[in-house]
Every structure is written in structure tokens, then in C-alpha cells.
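What follows is a single structure, written as C-alpha cells, with notes after it.
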Amino acid sequence: WAPVPFSRLTAMRVLWIGNSYTFLPSEHRGVPGVLSLLADAGGTDPYEHEQIVRGGVGLVALADEAERRLRAPAMDIDVIVLQDQSLTPGGGVVSPHREPGQAREACVQTLRERYAPLLRAACGEAGTVLLYQTWGRPAEMHGQPEALGDFAEMSQKTAAGYDSYLATLEGEGLQRVEVAAVGDAYTRLARGPQGSELLPRLFADTIGHATPTAALL
């Protein structure tokens with residue numbers, strides 16, 4: 001027996017908590033599948049994925065399921081990825097709330113009161129929490145121009161929302177928390193010389209799901 005150089009002896013274990021922005025596009029078996037494809041192509045360590053996902057919902061609605069899993073013995077999770085409902089971080093109106101920003105405030109409270117204690121216990125000193133920042137979309141797609149503006153404004157507000165989630169978890173003592181700034185990548189493409197042509201190709205539907213190509217971002 002000899003140690004394997006520059007490599008883990010076991011797969012990186014990732015728990016995904018989110019919705020269809022995580023488990024789509026189906027062509028790649030969602031974002032977890034994209035990560036595994038990139039790892040295979042680059043010859044890096046493999047990944048094992050577990051998902052707590054449900055279409056159309058956010059972190060507040062998934063809190064009970066997340067708690068059951070995070071309280072389970074022998075978690076053995078290296079990275080926990082959190083992805084919220086796409087309108088919520090930017091301050092959009094999301095049922096059952098009726099005013100802009102209320103859903104985001106509810107998520108911040110849930111992160112502070114429910115997720116943070118569980119994540120501290122599950123991650124310890126070595127585990128990482130990754131906030132999967134989603135992206136804006138044009139006003140004609142999201143239908144809330146007063147609250148979210150156009151693509152650029154929604155993108156900025158969504159990024160700020162995820163930054164507030166980051167600050168919340170750090171304020172509760174989480175040591176290893178990062179934002180995966182996927183929405184910022186959309187914004188950079190949109191600002192480029194071919195942005196007006198490229199941006200529509202990133203959206204698979206009016207809900208804003210990523211196309212198979214966009215998922216590689």
C-alpha cells in the first residue's frame with residue numbers, strides 16, 4: 001500500500017439544499033452533475049452528492065427536512081450548499097408574504113435561528129457552507145419590476161441578499177462560509193460586448209432555469 005499523491009482517499013461529500021435551480025438542468029443531472037462532470041474532466045477528486053430539494057420552494061420551507069438530515073448521526077458531509085428560492089434574496093414578493101423583502105427577512109431569521117445551530121454542529125471546524133448565489137432575470141420574466149427591477153437590478157439585489165445570508169451565518173459563529181457567486185458570472189457576461197446576444201441563451205424558460213450551457217457557469 002502507498003498513499004495516493006495529491007488526492008483524497010475518499011470522495012468529497014456534498015449535501016445540497018435547494019430547489020429546481022439545483023436539480024436542473026436534467027441533461028446534466030442538475031448542478032451536482034455539472035460538478036461531477038467538471039471533476040471527471042479535470043481529473044480531480046470525485047464527489048458524492050446528497051440532495052434535499054423541492055421545486056419552487058426556498059430555505060424556509062426546507063428547514064424541517066434539513067433539520068432531520070442534519071441531526072442524523074454520522075453526517076460525514078464536507079460541504080453543505082444552500083440555495084434559496086430565486087426571488088427571495090433580492091426582496092421579491094413570495095407567498096405567503098405580501099410585501100417586498102418580507103420573504104428575505106423570514107429567510108434571514110430562519111438561517112439565524114434554525115440553520116446556524118445545525119450547521120455549526122454538522123460542519124465543525126473542517127466543513128464548509130456554500131451559499132449558491134442565483135441570478136437575476138429580465139422584468140418580463142419575473143413579473144415584479146417594482147420590487148426587483150430589470151435583469152441588472154435583480155442581479156445586484158440578489159447578490160446583496162446572499163451577502164446578507166453570509167453575514168447572518170458568520171454572525172452566528174460559522175467559521176467557513178462562502179458565496180458561490182454564480183449570479184455575478186451572469187452579470188459579467190451580460191455586460192460584455194456580446195451580452196445582449198448571450199443573455200437570452202442562458203435562460204431555459206421564463207422561470208430563469210439555466211440552460212445546459214449556462215449551468216457550466
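Residues in the C-alpha cells are named by chain (A, B, ... in the order shown) and by number from 1 within that chain; ligands are numbered from 1 in the order shown.
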Selection near Ala126 of chain A, 9 Å with only C-alpha atoms, sequence-local residues under 3 positions removed, as a PyMOL selection string = chain A and resi 78+123+175-176
Would you put the residues from that selection into a file with all heavy atoms, as a PDB file, in the first residue's frame?
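Result went into again-v4.pdb, see below:
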```pdb
ATOM      1  N   ASP A  78     -18.780  17.059   3.855  1.00  0.00           N
ATOM      2  CA  ASP A  78     -17.682  18.020   3.745  1.00  0.00           C
ATOM      3  C   ASP A  78     -18.170  19.421   3.406  1.00  0.00           C
ATOM      4  O   ASP A  78     -17.621  20.415   3.881  1.00  0.00           O
ATOM      5  CB  ASP A  78     -16.694  17.565   2.670  1.00  0.00           C
ATOM      6  CG  ASP A  78     -16.064  16.222   3.009  1.00  0.00           C
ATOM      7  OD1 ASP A  78     -15.372  16.150   4.037  1.00  0.00           O
ATOM      8  OD2 ASP A  78     -16.261  15.264   2.244  1.00  0.00           O
ATOM      9  N   CYS A 123     -20.875  20.918  10.636  1.00  0.00           N
ATOM     10  CA  CYS A 123     -19.638  21.240   9.928  1.00  0.00           C
ATOM     11  C   CYS A 123     -18.405  21.180  10.807  1.00  0.00           C
ATOM     12  O   CYS A 123     -17.314  20.869  10.339  1.00  0.00           O
ATOM     13  CB  CYS A 123     -19.743  22.638   9.313  1.00  0.00           C
ATOM     14  SG  CYS A 123     -20.947  22.749   7.978  1.00  0.00           S
ATOM     15  N   GLN A 175     -17.618  29.330  10.848  1.00  0.00           N
ATOM     16  CA  GLN A 175     -16.242  29.696  10.544  1.00  0.00           C
ATOM     17  C   GLN A 175     -15.918  29.635   9.055  1.00  0.00           C
ATOM     18  O   GLN A 175     -15.085  30.399   8.573  1.00  0.00           O
ATOM     19  CB  GLN A 175     -15.280  28.774  11.310  1.00  0.00           C
ATOM     20  CG  GLN A 175     -15.419  28.867  12.819  1.00  0.00           C
ATOM     21  CD  GLN A 175     -15.071  30.249  13.332  1.00  0.00           C
ATOM     22  OE1 GLN A 175     -14.067  30.841  12.961  1.00  0.00           O
ATOM     23  NE2 GLN A 175     -15.933  30.789  14.199  1.00  0.00           N
ATOM     24  N   ARG A 176     -16.540  28.721   8.345  1.00  0.00           N
ATOM     25  CA  ARG A 176     -16.193  28.514   6.925  1.00  0.00           C
ATOM     26  C   ARG A 176     -17.461  28.640   6.088  1.00  0.00           C
ATOM     27  O   ARG A 176     -18.145  27.653   5.807  1.00  0.00           O
ATOM     28  CB  ARG A 176     -15.547  27.141   6.740  1.00  0.00           C
ATOM     29  CG  ARG A 176     -14.202  26.990   7.456  1.00  0.00           C
ATOM     30  CD  ARG A 176     -13.758  25.538   7.510  1.00  0.00           C
ATOM     31  NE  ARG A 176     -13.573  24.963   6.188  1.00  0.00           N
ATOM     32  CZ  ARG A 176     -12.411  24.922   5.547  1.00  0.00           C
ATOM     33  NH1 ARG A 176     -11.325  25.429   6.113  1.00  0.00           N
ATOM     34  NH2 ARG A 176     -12.316  24.370   4.359  1.00  0.00           N
TER      35      ARG A 176
END
```
Helix (DSSP H, G or I) residues, from DSSP on the backbone, in segment 143-196 of chain A, as number ranges by chain | A: 145-148, 151-171, 182-191, 195-196
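The nearest approach to Arg71 of chain A among the residues A:Leu118, A:Ala106, A:Val31, A:Leu87, with only C-alpha atoms taken into account, belongs to A:Leu118.
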Quick one: residues within 12 Å of Pro73 of chain A, only C-alpha atoms counted, chain neighbours fewer than 6 positions away excluded, as a short mmCIF file (atom, residue, chain, number, x, y, z; two decimals) with N, CA and C atoms, in the first residue's frame?
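Once everything was written out, this is out.cif:
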```
data_model
loop_
_atom_site.label_atom_id
_atom_site.label_comp_id
_atom_site.auth_asym_id
_atom_site.auth_seq_id
_atom_site.Cartn_x
_atom_site.Cartn_y
_atom_site.Cartn_z
N GLU A 67 -33.36 19.95 8.91
CA GLU A 67 -33.07 19.66 10.30
C GLU A 67 -33.03 18.16 10.56
N ALA A 121 -22.96 22.48 14.25
CA ALA A 121 -22.76 21.12 14.75
C ALA A 121 -22.34 20.17 13.64
N ALA A 122 -22.93 20.34 12.45
CA ALA A 122 -22.65 19.42 11.35
C ALA A 122 -21.29 19.65 10.73
#
```
Counting only C-alpha atoms, which of A:Met141, A:Leu70, A:Ala147, A:Leu35 gets nearest to Gly208 of chain A?
-> A:Met141
Polymer residues at most 12 Å from Gly143 of chain A, only C-alpha atoms, same-chain spacing of 5 or more positions, as a PyMOL selection string = chain A and resi 87+92-94+136-138+148-151+154+206-208
Would you write out those residues with all heavy atoms, as a short mmCIF file (atom, residue, chain, number, x, y, z; two decimals), in the first residue's frame?
```
data_model
loop_
_atom_site.label_atom_id
_atom_site.label_comp_id
_atom_site.auth_asym_id
_atom_site.auth_seq_id
_atom_site.Cartn_x
_atom_site.Cartn_y
_atom_site.Cartn_z
N LEU A 87 -36.55 34.40 -6.14
CA LEU A 87 -37.00 35.78 -5.95
C LEU A 87 -36.70 36.32 -4.56
O LEU A 87 -36.68 37.53 -4.35
CB LEU A 87 -38.51 35.88 -6.21
CG LEU A 87 -39.03 35.46 -7.58
CD1 LEU A 87 -40.54 35.56 -7.62
CD2 LEU A 87 -38.41 36.30 -8.69
N GLY A 92 -38.00 40.00 -3.56
CA GLY A 92 -39.26 39.82 -4.28
C GLY A 92 -40.39 39.38 -3.37
O GLY A 92 -40.18 38.97 -2.22
N VAL A 93 -41.59 39.47 -3.89
CA VAL A 93 -42.78 39.04 -3.14
C VAL A 93 -42.98 37.55 -3.39
O VAL A 93 -43.16 37.11 -4.53
CB VAL A 93 -44.03 39.82 -3.58
CG1 VAL A 93 -45.26 39.33 -2.81
CG2 VAL A 93 -43.82 41.31 -3.37
N VAL A 94 -42.94 36.77 -2.31
CA VAL A 94 -43.06 35.32 -2.40
C VAL A 94 -44.09 34.87 -1.38
O VAL A 94 -43.98 35.22 -0.20
CB VAL A 94 -41.70 34.64 -2.14
CG1 VAL A 94 -41.84 33.12 -2.25
CG2 VAL A 94 -40.64 35.15 -3.11
N GLY A 136 -30.22 37.16 -11.59
CA GLY A 136 -31.38 37.94 -11.96
C GLY A 136 -31.96 37.49 -13.29
O GLY A 136 -31.40 36.64 -13.98
N ARG A 137 -33.09 38.04 -13.62
CA ARG A 137 -33.68 37.80 -14.93
C ARG A 137 -34.49 39.03 -15.34
O ARG A 137 -34.84 39.85 -14.49
CB ARG A 137 -34.51 36.53 -14.96
CG ARG A 137 -35.58 36.36 -13.89
CD ARG A 137 -36.08 34.93 -13.97
NE ARG A 137 -37.27 34.67 -13.17
CZ ARG A 137 -37.25 34.17 -11.94
NH1 ARG A 137 -36.10 33.91 -11.35
NH2 ARG A 137 -38.38 33.93 -11.30
N PRO A 138 -34.78 39.18 -16.63
CA PRO A 138 -35.50 40.36 -17.09
C PRO A 138 -36.87 40.51 -16.43
O PRO A 138 -37.49 39.53 -16.02
CB PRO A 138 -35.63 40.13 -18.60
CG PRO A 138 -34.49 39.19 -18.93
CD PRO A 138 -34.35 38.30 -17.74
N LEU A 148 -38.13 44.25 -8.05
CA LEU A 148 -36.87 43.66 -8.47
C LEU A 148 -36.19 44.39 -9.63
O LEU A 148 -35.01 44.15 -9.90
CB LEU A 148 -37.08 42.19 -8.86
CG LEU A 148 -37.54 41.28 -7.72
CD1 LEU A 148 -37.94 39.91 -8.26
CD2 LEU A 148 -36.45 41.13 -6.68
N GLY A 149 -36.92 45.25 -10.32
CA GLY A 149 -36.32 45.95 -11.45
C GLY A 149 -36.07 45.03 -12.63
O GLY A 149 -36.73 44.01 -12.82
N ASP A 150 -35.07 45.40 -13.44
CA ASP A 150 -34.73 44.61 -14.62
C ASP A 150 -33.65 43.58 -14.26
O ASP A 150 -33.38 43.34 -13.09
CB ASP A 150 -34.26 45.52 -15.76
CG ASP A 150 -33.05 46.37 -15.34
OD1 ASP A 150 -32.49 46.15 -14.24
OD2 ASP A 150 -32.66 47.26 -16.13
N PHE A 151 -33.05 42.97 -15.27
CA PHE A 151 -32.04 41.95 -15.01
C PHE A 151 -30.91 42.47 -14.14
O PHE A 151 -30.51 41.83 -13.15
CB PHE A 151 -31.46 41.42 -16.33
CG PHE A 151 -30.20 40.61 -16.15
CD1 PHE A 151 -30.26 39.29 -15.74
CD2 PHE A 151 -28.96 41.20 -16.39
CE1 PHE A 151 -29.09 38.56 -15.55
CE2 PHE A 151 -27.79 40.46 -16.21
CZ PHE A 151 -27.86 39.14 -15.79
N MET A 154 -32.11 43.22 -10.49
CA MET A 154 -32.40 42.00 -9.75
C MET A 154 -31.11 41.26 -9.42
O MET A 154 -30.97 40.69 -8.33
CB MET A 154 -33.34 41.09 -10.55
CG MET A 154 -33.69 39.81 -9.79
SD MET A 154 -34.81 38.71 -10.71
CE MET A 154 -34.86 37.30 -9.58
N THR A 206 -39.09 30.76 -18.71
CA THR A 206 -39.43 32.06 -18.11
C THR A 206 -39.18 32.11 -16.61
O THR A 206 -39.19 33.18 -16.02
CB THR A 206 -40.90 32.40 -18.39
OG1 THR A 206 -41.74 31.35 -17.88
CG2 THR A 206 -41.15 32.56 -19.88
N ILE A 207 -38.96 30.97 -15.99
CA ILE A 207 -38.65 30.94 -14.56
C ILE A 207 -37.17 31.24 -14.32
O ILE A 207 -36.77 31.53 -13.20
CB ILE A 207 -39.05 29.57 -13.95
CG1 ILE A 207 -40.54 29.31 -14.18
CG2 ILE A 207 -38.76 29.51 -12.46
CD1 ILE A 207 -40.99 27.94 -13.73
N GLY A 208 -36.39 31.18 -15.38
CA GLY A 208 -34.98 31.52 -15.26
C GLY A 208 -34.04 30.37 -15.05
O GLY A 208 -32.86 30.57 -14.73
#
```
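Near Phe203 of chain A, within a cut-off of 10 Å and counting only C-alpha atoms, sit the residues Arg137, Met141, Leu198, Leu199, Pro200, Arg201, Asp205, Thr206, Ile207, Gly208, His209, Ala210, Thr211, Pro212, Thr213, Ala214 and Ala215 of chain A, with same-chain residues fewer than 2 positions away left out.
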For the residues in the current selection, export all heavy atoms as a tab-separated table (two decimals), in the first residue's frame.
```tsv
chain	number	residue	atom	x	y	z
A	137	ARG	N	-33.09	38.04	-13.62
A	137	ARG	CA	-33.68	37.80	-14.93
A	137	ARG	C	-34.49	39.03	-15.34
A	137	ARG	O	-34.84	39.85	-14.49
A	137	ARG	CB	-34.51	36.53	-14.96
A	137	ARG	CG	-35.58	36.36	-13.89
A	137	ARG	CD	-36.08	34.93	-13.97
A	137	ARG	NE	-37.27	34.67	-13.17
A	137	ARG	CZ	-37.25	34.17	-11.94
A	137	ARG	NH1	-36.10	33.91	-11.35
A	137	ARG	NH2	-38.38	33.93	-11.30
A	141	MET	N	-39.83	38.44	-17.31
A	141	MET	CA	-39.80	37.05	-16.86
A	141	MET	C	-40.23	36.92	-15.40
A	141	MET	O	-41.02	36.04	-15.06
A	141	MET	CB	-38.40	36.46	-17.06
A	141	MET	CG	-38.01	36.30	-18.52
A	141	MET	SD	-36.29	35.75	-18.73
A	141	MET	CE	-36.34	34.13	-18.00
A	198	LEU	N	-25.93	37.03	-25.79
A	198	LEU	CA	-25.67	35.86	-24.96
A	198	LEU	C	-26.70	35.67	-23.85
A	198	LEU	O	-27.07	34.55	-23.52
A	198	LEU	CB	-24.27	35.94	-24.35
A	198	LEU	CG	-23.10	35.77	-25.30
A	198	LEU	CD1	-21.79	36.03	-24.56
A	198	LEU	CD2	-23.10	34.37	-25.90
A	199	LEU	N	-27.16	36.79	-23.26
A	199	LEU	CA	-28.02	36.68	-22.09
A	199	LEU	C	-29.26	35.82	-22.31
A	199	LEU	O	-29.56	34.95	-21.48
A	199	LEU	CB	-28.40	38.07	-21.58
A	199	LEU	CG	-29.21	38.09	-20.27
A	199	LEU	CD1	-28.39	37.49	-19.13
A	199	LEU	CD2	-29.63	39.53	-19.92
A	200	PRO	N	-30.03	36.01	-23.39
A	200	PRO	CA	-31.23	35.17	-23.57
A	200	PRO	C	-30.90	33.68	-23.67
A	200	PRO	O	-31.76	32.84	-23.35
A	200	PRO	CB	-31.82	35.69	-24.89
A	200	PRO	CG	-31.28	37.08	-25.04
A	200	PRO	CD	-29.90	37.02	-24.46
A	201	ARG	N	-29.69	33.35	-24.07
A	201	ARG	CA	-29.32	31.95	-24.22
A	201	ARG	C	-29.02	31.27	-22.88
A	201	ARG	O	-28.82	30.06	-22.84
A	201	ARG	CB	-28.09	31.83	-25.13
A	201	ARG	CG	-28.31	32.38	-26.53
A	201	ARG	CD	-27.08	32.21	-27.38
A	201	ARG	NE	-27.23	32.80	-28.70
A	201	ARG	CZ	-26.29	32.77	-29.65
A	201	ARG	NH1	-25.13	32.19	-29.40
A	201	ARG	NH2	-26.50	33.35	-30.82
A	205	ASP	N	-36.13	28.84	-19.60
A	205	ASP	CA	-37.56	29.07	-19.55
A	205	ASP	C	-37.82	30.41	-18.86
A	205	ASP	O	-36.88	31.11	-18.47
A	205	ASP	CB	-38.27	27.93	-18.79
A	205	ASP	CG	-37.61	27.62	-17.43
A	205	ASP	OD1	-37.20	28.59	-16.75
A	205	ASP	OD2	-37.51	26.44	-17.07
A	206	THR	N	-39.09	30.76	-18.71
A	206	THR	CA	-39.43	32.06	-18.11
A	206	THR	C	-39.18	32.11	-16.61
A	206	THR	O	-39.19	33.18	-16.02
A	206	THR	CB	-40.90	32.40	-18.39
A	206	THR	OG1	-41.74	31.35	-17.88
A	206	THR	CG2	-41.15	32.56	-19.88
A	207	ILE	N	-38.96	30.97	-15.99
A	207	ILE	CA	-38.65	30.94	-14.56
A	207	ILE	C	-37.17	31.24	-14.32
A	207	ILE	O	-36.77	31.53	-13.20
A	207	ILE	CB	-39.05	29.57	-13.95
A	207	ILE	CG1	-40.54	29.31	-14.18
A	207	ILE	CG2	-38.76	29.51	-12.46
A	207	ILE	CD1	-40.99	27.94	-13.73
A	208	GLY	N	-36.39	31.18	-15.38
A	208	GLY	CA	-34.98	31.52	-15.26
A	208	GLY	C	-34.04	30.37	-15.05
A	208	GLY	O	-32.86	30.57	-14.73
A	209	HIS	N	-34.53	29.13	-15.19
A	209	HIS	CA	-33.62	27.99	-15.05
A	209	HIS	C	-32.49	28.07	-16.07
A	209	HIS	O	-32.67	28.59	-17.17
A	209	HIS	CB	-34.38	26.67	-15.26
A	209	HIS	CG	-35.36	26.38	-14.17
A	209	HIS	ND1	-36.71	26.22	-14.42
A	209	HIS	CD2	-35.21	26.22	-12.84
A	209	HIS	CE1	-37.34	25.97	-13.28
A	209	HIS	NE2	-36.45	25.97	-12.31
A	210	ALA	N	-31.35	27.55	-15.68
A	210	ALA	CA	-30.18	27.59	-16.55
A	210	ALA	C	-30.31	26.60	-17.70
A	210	ALA	O	-30.81	25.48	-17.53
A	210	ALA	CB	-28.93	27.29	-15.75
A	211	THR	N	-29.86	27.01	-18.87
A	211	THR	CA	-29.69	26.06	-19.97
A	211	THR	C	-28.53	25.13	-19.64
A	211	THR	O	-27.72	25.42	-18.75
A	211	THR	CB	-29.41	26.79	-21.28
A	211	THR	OG1	-28.17	27.53	-21.13
A	211	THR	CG2	-30.52	27.78	-21.62
A	212	PRO	N	-28.41	24.02	-20.37
A	212	PRO	CA	-27.26	23.14	-20.11
A	212	PRO	C	-25.91	23.85	-20.23
A	212	PRO	O	-24.99	23.57	-19.45
A	212	PRO	CB	-27.41	22.04	-21.18
A	212	PRO	CG	-28.89	21.96	-21.40
A	212	PRO	CD	-29.36	23.40	-21.31
A	213	THR	N	-25.80	24.78	-21.18
A	213	THR	CA	-24.55	25.54	-21.32
A	213	THR	C	-24.36	26.50	-20.15
A	213	THR	O	-23.27	26.59	-19.57
A	213	THR	CB	-24.54	26.32	-22.64
A	213	THR	OG1	-24.66	25.39	-23.73
A	213	THR	CG2	-23.25	27.11	-22.79
A	214	ALA	N	-25.41	27.22	-19.79
A	214	ALA	CA	-25.31	28.18	-18.68
A	214	ALA	C	-24.98	27.50	-17.37
A	214	ALA	O	-24.32	28.09	-16.50
A	214	ALA	CB	-26.61	28.97	-18.54
A	215	ALA	N	-25.40	26.26	-17.20
A	215	ALA	CA	-25.14	25.54	-15.96
A	215	ALA	C	-23.65	25.36	-15.71
A	215	ALA	O	-23.22	25.17	-14.58
A	215	ALA	CB	-25.84	24.18	-15.98
```
In Å, how far is it from atom CA of Gln133 of chain A to atom CA of Gly183 of chain A?
-> 5.8 Å
Record the distance separating atom CA of Val81 of chain A and atom CA of Val179 of chain A, expressed in Å with one decimal.
-> 9.6 Å
Straight-line distance linking atom CA of Leu174 of chain A with atom CA of His97 of chain A, stated in Å to one decimal | 28.3 Å
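In this comparison, which uses only C-alpha atoms, the residue of A:Phe23, A:Trp16, A:Tyr162, A:Tyr115 approaching Glu50 of chain A most closely is A:Trp16.
Remark: for Ala116 of chain A, the closest of the candidate residues A:Glu140, A:Pro96, A:Gly171, A:Ala72 is A:Gly171 (distances computed over only C-alpha atoms).
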Using only C-alpha atoms, the best pick from A:Pro100, A:Gly90, A:Gly127, A:Gly56 as closest to Ser164 of chain A would be A:Gly90
Enumerate the residues of segment 155-201 of chain A with a DSSP assignment of strand (DSSP E or B), computed from the backbone, and present them as an MDAnalysis selection string.
-> chainID A and resid 177:180
Take the selection from the previous step and output its residues with N, CA and C atoms, as a CSV table (one decimal), in the first residue's frame.
```csv
chain,number,residue,atom,x,y,z
A,177,VAL,N,-17.8,29.9,5.7
A,177,VAL,CA,-18.9,30.2,4.9
A,177,VAL,C,-18.5,31.0,3.7
A,178,GLU,N,-18.9,30.6,2.5
A,178,GLU,CA,-18.6,31.3,1.3
A,178,GLU,C,-19.8,31.5,0.4
A,179,VAL,N,-19.7,32.5,-0.5
A,179,VAL,CA,-20.8,32.6,-1.5
A,179,VAL,C,-20.2,32.2,-2.9
A,180,ALA,N,-20.9,31.2,-3.5
A,180,ALA,CA,-20.6,30.8,-4.9
A,180,ALA,C,-21.3,31.8,-5.8
```
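In terms of minimum interatomic distance to Leu169 of chain A, A:Leu131 ranks closest within A:Ala190, A:Leu38, A:Ala204, A:Leu131, counting only C-alpha atoms.
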